[in-house]
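*Asks:* To start, I am sharing the structure in question, which I have written as C-alpha cells.
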There are 2 protein chains.
Amino acid sequence: MTYCVGLFLKDGLVMLSDTRTNAGVDNIATFSKTHVYEIPGERFMALMTSGNLGVSQAVVNMLHEGINTGERVENLYSVPSMFRAAQLVGEAVRRVFNTDGRTLEAQNVKFEVSLLLGGQIKGRSMRLFQIYAAGNFIEATPDTPFLQIGETKYGKPILDRALSYNTDPRDGVKLVLVSMDSTLRSNLTVGMPIDLLVYRRDEAQAALKRRINEDDPYFRMIRDTWSKALRDAYLAIPRPEWLA
Amino acid sequence: MTYCVGLFLKDGLVMLSDTRTNAGVDNIATFSKTHVYEIPGERFMALMTSGNLGVSQAVVNMLHEGINTGERVENLYSVPSMFRAAQLVGEAVRRVFNTDGRTLEAQNVKFEVSLLLGGQIKGRSMRLFQIYAAGNFIEATPDTPFLQIGETKYGKPILDRALSYNTDPRDGVKLVLVSMDSTLRSNLTVGMPIDLLVYRRDEAQAALKRRINEDDPYFRMIRDTWSKALRDAYLAIPRPEWLA
C-alpha cells in the first residue's frame, strides 16, 4: 500500500508521500511516488500515486512521453491550466486501463490507481485534485482542505480534528508528519523514507522538496513529542467517577 | 459497519462497542452489538459482534438456543471454560455459514461476521478472543493486549501508542473512549450510543455495564479535552527550521 496526503491551504499546498511498495510481505521495495513538474516562476505541479505499481508507473510514463490528443501532444509542462492537467492525468489513466485493464482483470488483478495532483500555473488558480481509477477526479476546497490516497484511515483523525484551510503551511507540515507517523506505526505496508513538498501560493515554484529519512532529527522529534503528548493527554483526563 | 474493541489487561477487561447498523446510507438503525452472559460470582462473558447483521444475529440466536453437539446441548452458561466458549461461538458461526452461506454468496452478499468474546469462569483464566467468519479464533496476550473488529483503523493509533498490559482498567476506559471517538468522527457508519463493559479479573461478574449516550457528560468531556489536547500538542511542536 501507500499513504499520500495533500493539504490545500490558504497560503499554499503541503504534500507528503511514503515510498514503500509491496507485492506480498516478502517483496517490498522503495519507489518514489512523488513526481514534480516544474518551470520555476512559471509552473509547479506535483503528482503522487498509489495503487498497483505497474499501473501507476505506466500512467506516469505516459505523462512523461506526452499524450497525443488528436491536435497535438500534450504533457504537464505544456497544459495551460491545472484543470487541463487533471484531465490529462485522467486521460492517461483511461489509456492504461484500455491497454492493461482487461488482462489484469483476467488474471484477477484489480486495476487500482489513485493520484493526487496539486500545483499552480502563473496567473491561474492553485488547485489540488484526486484522480480516480476511472480517470475522473475531485478537488479539495476550503471546506475540505485535504485529500488522501492509499492507507488513509489511520492518519485521518488528526486531520479531521486539527486542520483548517487557514492553517499555516509550516503547521500543515507538522500535521502531515503526525498523520504519516500514525500510519507508519500501525501499518507495515507504508514505509520510510517519505517525500515532502511545500508550495506557497502564487510562487509558481516549490518552496521545499525534502526527502525525510528514518534518522531525520525533526521527524524523530515529532514522533517522540507526539507519542509523549498523547500519553500525557490521556493520563491527564480524569478517570470516570462511575467506575471505582 | 461497526467498531468494537476489547482490552486484555493485567487487572481485567474493558470492552466497548458502537450500536450503528447500516444497509446503505439511507437505512441506518441502532442495535446493541453487546451480549452479556453472566452468573454473578460464577461466570462473566461478553460477546460483541460486527459484520452482516443477519449473520451476527443468527449466531447470537443460535448461542441463546444452545447448540446440540451430539452428546448434549451446550450454551455459554454451561460451557466449562472460556476456550470451550470460543469454540462454541465458532461452531455457531460455521452452522450459520452452512445454512446461509451459499445463498448469500449466490446473491453477492459476503458472509461477513467477526466477534469479540471476553470473560472468565470462576477458578479459570480470564481470556479475550476474536472469532473469525470461518469459526476459527485468536486470543489477546500481554504482548498484544487489545483486539478490534469492524472499522478498526481510525482508532488503532492511540492504542498502539498508549496501551499496555499494565494499563489500569480505569485508564483503559479512557483509551477505548478516545479510540471510539476518533472512529465516530471520521466514519459515519459507526454511531452513538456506545456500550461499555468493565470486568475486573477474578470477580466473575461485571464491574460496570454502561450505555453511553451522545449527551453523557463524561464522554463529552473526553471528546472536548481530547480535541483540545491534540490541537495544543501539535501547535506546541516547533516548526521545522528548514522551512522559512
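Going through the C-alpha cells in order, the chains are called A, B, and so on, while each chain numbers its residues from 1 and the ligands are numbered from 1 in the order shown.
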Would you give me, as a tab-separated table, each residue of chain A having an atom within 8 Å of an atom of chain B, along with its shortest atom pair and that distance in Å to one decimal, using only C-alpha atoms and sorting by chain and residue number?
*Replies:*
residue	atom	partner	partner_atom	distance
A:Lys153	CA	B:Tyr154	CA	5.2
A:Tyr154	CA	B:Tyr154	CA	4.8
A:Gly155	CA	B:Tyr154	CA	7.4
A:Lys156	CA	B:Tyr154	CA	7.0
A:Pro157	CA	B:Ser182	CA	5.7
A:Ile158	CA	B:Leu230	CA	7.5
A:Asp160	CA	B:Ser186	CA	7.0
A:Arg161	CA	B:Ser227	CA	6.4
A:Ala162	CA	B:Arg231	CA	5.6
A:Arg170	CA	B:Arg239	CA	6.0
A:Asp171	CA	B:Arg239	CA	6.7
A:Lys174	CA	B:Tyr234	CA	7.0
A:Leu175	CA	B:Tyr234	CA	7.1
A:Ser182	CA	B:Pro157	CA	5.7
A:Thr183	CA	B:Pro157	CA	7.6
A:Arg185	CA	B:Pro157	CA	7.3
A:Ser186	CA	B:Pro157	CA	6.2
A:Ala207	CA	B:Leu243	CA	7.9
A:Leu208	CA	B:Leu243	CA	7.1
A:Tyr218	CA	B:Pro240	CA	6.8
A:Ile222	CA	B:Ile237	CA	7.1
A:Thr225	CA	B:Ile237	CA	7.4
A:Trp226	CA	B:Ala233	CA	7.1
A:Ser227	CA	B:Arg161	CA	6.4
A:Ala229	CA	B:Ala233	CA	6.1
A:Leu230	CA	B:Ala162	CA	7.3
A:Arg231	CA	B:Ala162	CA	5.6
A:Ala233	CA	B:Ala229	CA	6.1
A:Tyr234	CA	B:Lys174	CA	7.0
A:Leu235	CA	B:Asp171	CA	7.2
A:Ile237	CA	B:Ile222	CA	7.1
A:Arg239	CA	B:Arg170	CA	6.0
A:Pro240	CA	B:Tyr218	CA	6.8
A:Leu243	CA	B:Arg170	CA	7.0
*Asks:* Find the spatial neighbours of Asn98 (chain A), counting only C-alpha atoms, within a cut-off of 12 Å - ignore same-chain residues fewer than 4 positions away - and output them as a ChimeraX atom specification.
*Replies:* /A:55,58-59,91-94,102-105,111,133-135
*Asks:* For the residues selected in the previous step, produce a file with C-alpha atoms as a compact mmCIF listing (two decimals), in the first residue's frame.
*Replies:*
# COMPACT_ATOMS: atom_id res chain seq x y z
CA VAL A 55 -0.37 0.80 -13.39
CA ALA A 58 2.54 3.32 -16.75
CA VAL A 59 0.44 6.42 -16.08
CA GLU A 91 -6.78 10.53 -19.84
CA ALA A 92 -3.51 8.72 -19.12
CA VAL A 93 -5.30 6.54 -16.53
CA ARG A 94 -8.02 5.64 -19.03
CA ARG A 102 -8.74 -6.48 -19.38
CA THR A 103 -5.63 -8.60 -18.99
CA LEU A 104 -5.24 -7.59 -15.37
CA GLU A 105 -8.86 -8.48 -14.74
CA PHE A 111 -6.98 -2.12 -11.87
CA ALA A 133 -9.03 4.78 -11.43
CA ALA A 134 -11.76 5.72 -13.89
CA GLY A 135 -9.88 8.88 -14.80
*Asks:* Can you list, as a list in words, every residue of region 102-145 of chain B that DSSP puts in alpha helix (DSSP H)?
*Replies:*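 Assigned to alpha helix (DSSP H), within region 102-145 of chain B: Arg102, Thr103, Leu104, Glu105 and Ala106 of chain B.
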*Asks:* So that I can check the secondary structure, give me every residue of region 5-193 of chain A assigned strand (DSSP E or B) by backbone DSSP, as a PyMOL selection string.
*Replies:* chain A and resi 5-9+12-17+20-22+28-30+34-39+43-51+67-68+73-74+113-121+127-131+137-139+141+144+146-150
*Asks:* Might you pull out every residue within 6 Å of region 36-49 of chain A, with only C-alpha atoms counted and same-chain residues fewer than 5 positions away left off, and present them as a PyMOL selection string?
*Replies:* chain A and resi 114-122+204-205
*Asks:* Using only C-alpha atoms, determine which residues lie at most 8 Å from region 85-87 of chain B, disregarding the query and same-chain residues fewer than 2 positions distant; provide the list as number ranges by chain.
*Replies:* B: 75-76, 79-83, 89-91, 117, 129, 131, 135-137
*Asks:* Deliver the residues from the most recent selection as a file, using C-alpha atoms, as a PDB file, in the first residue's frame.
*Replies:*
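Wrote out_30.pdb, looks like this:
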ATOM      1  CA  ASN B  75     -24.621 -22.796  25.691  1.00  0.00           C
ATOM      2  CA  LEU B  76     -22.466 -20.060  27.152  1.00  0.00           C
ATOM      3  CA  VAL B  79     -19.528 -24.374  28.993  1.00  0.00           C
ATOM      4  CA  PRO B  80     -16.723 -25.216  31.437  1.00  0.00           C
ATOM      5  CA  SER B  81     -14.074 -22.808  30.106  1.00  0.00           C
ATOM      6  CA  MET B  82     -13.556 -19.704  28.013  1.00  0.00           C
ATOM      7  CA  PHE B  83     -11.762 -21.824  25.438  1.00  0.00           C
ATOM      8  CA  VAL B  89     -19.173 -19.401  19.184  1.00  0.00           C
ATOM      9  CA  GLY B  90     -17.035 -20.658  16.290  1.00  0.00           C
ATOM     10  CA  GLU B  91     -19.335 -23.654  15.892  1.00  0.00           C
ATOM     11  CA  LEU B 117     -15.574 -12.834  23.287  1.00  0.00           C
ATOM     12  CA  PHE B 129     -10.847 -13.969  21.863  1.00  0.00           C
ATOM     13  CA  ILE B 131     -13.637 -15.219  16.323  1.00  0.00           C
ATOM     14  CA  GLY B 135     -15.255 -20.035  13.115  1.00  0.00           C
ATOM     15  CA  ASN B 136     -11.555 -20.097  13.999  1.00  0.00           C
ATOM     16  CA  PHE B 137     -10.194 -17.637  16.522  1.00  0.00           C
TER      17      PHE B 137
END
*Asks:* Please provide as a list in words all residues within 8 Å of Ala29 (chain A), with the sequence filter that same-chain residues fewer than 3 positions apart are discarded (counting only C-alpha atoms).
*Replies:*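 Counting only the stated atoms, we get Arg20, Thr21 and Asn22 of chain A.
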*Asks:* Find the distance between CA of Lys33 (chain B) and CA of Glu112 (chain B) and write it in Å to one decimal.
*Replies:*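 So the two atoms, CA of Lys33 (chain B) and CA of Glu112 (chain B), lie 14.6 Å apart.
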*Asks:* Need the shell around Gly6 (chain A): protein/DNA/RNA residues with any atom at most 8 Å away, counting only C-alpha atoms. Skip same-chain ones fewer than 3 positions apart. Format as a list in words?
*Replies:*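 Counting only C-alpha atoms, the residues come to Leu13, Val14, Met15, Leu16, Leu116, Gly118, Leu128, Phe146, Leu147 and Gln148 of chain A.
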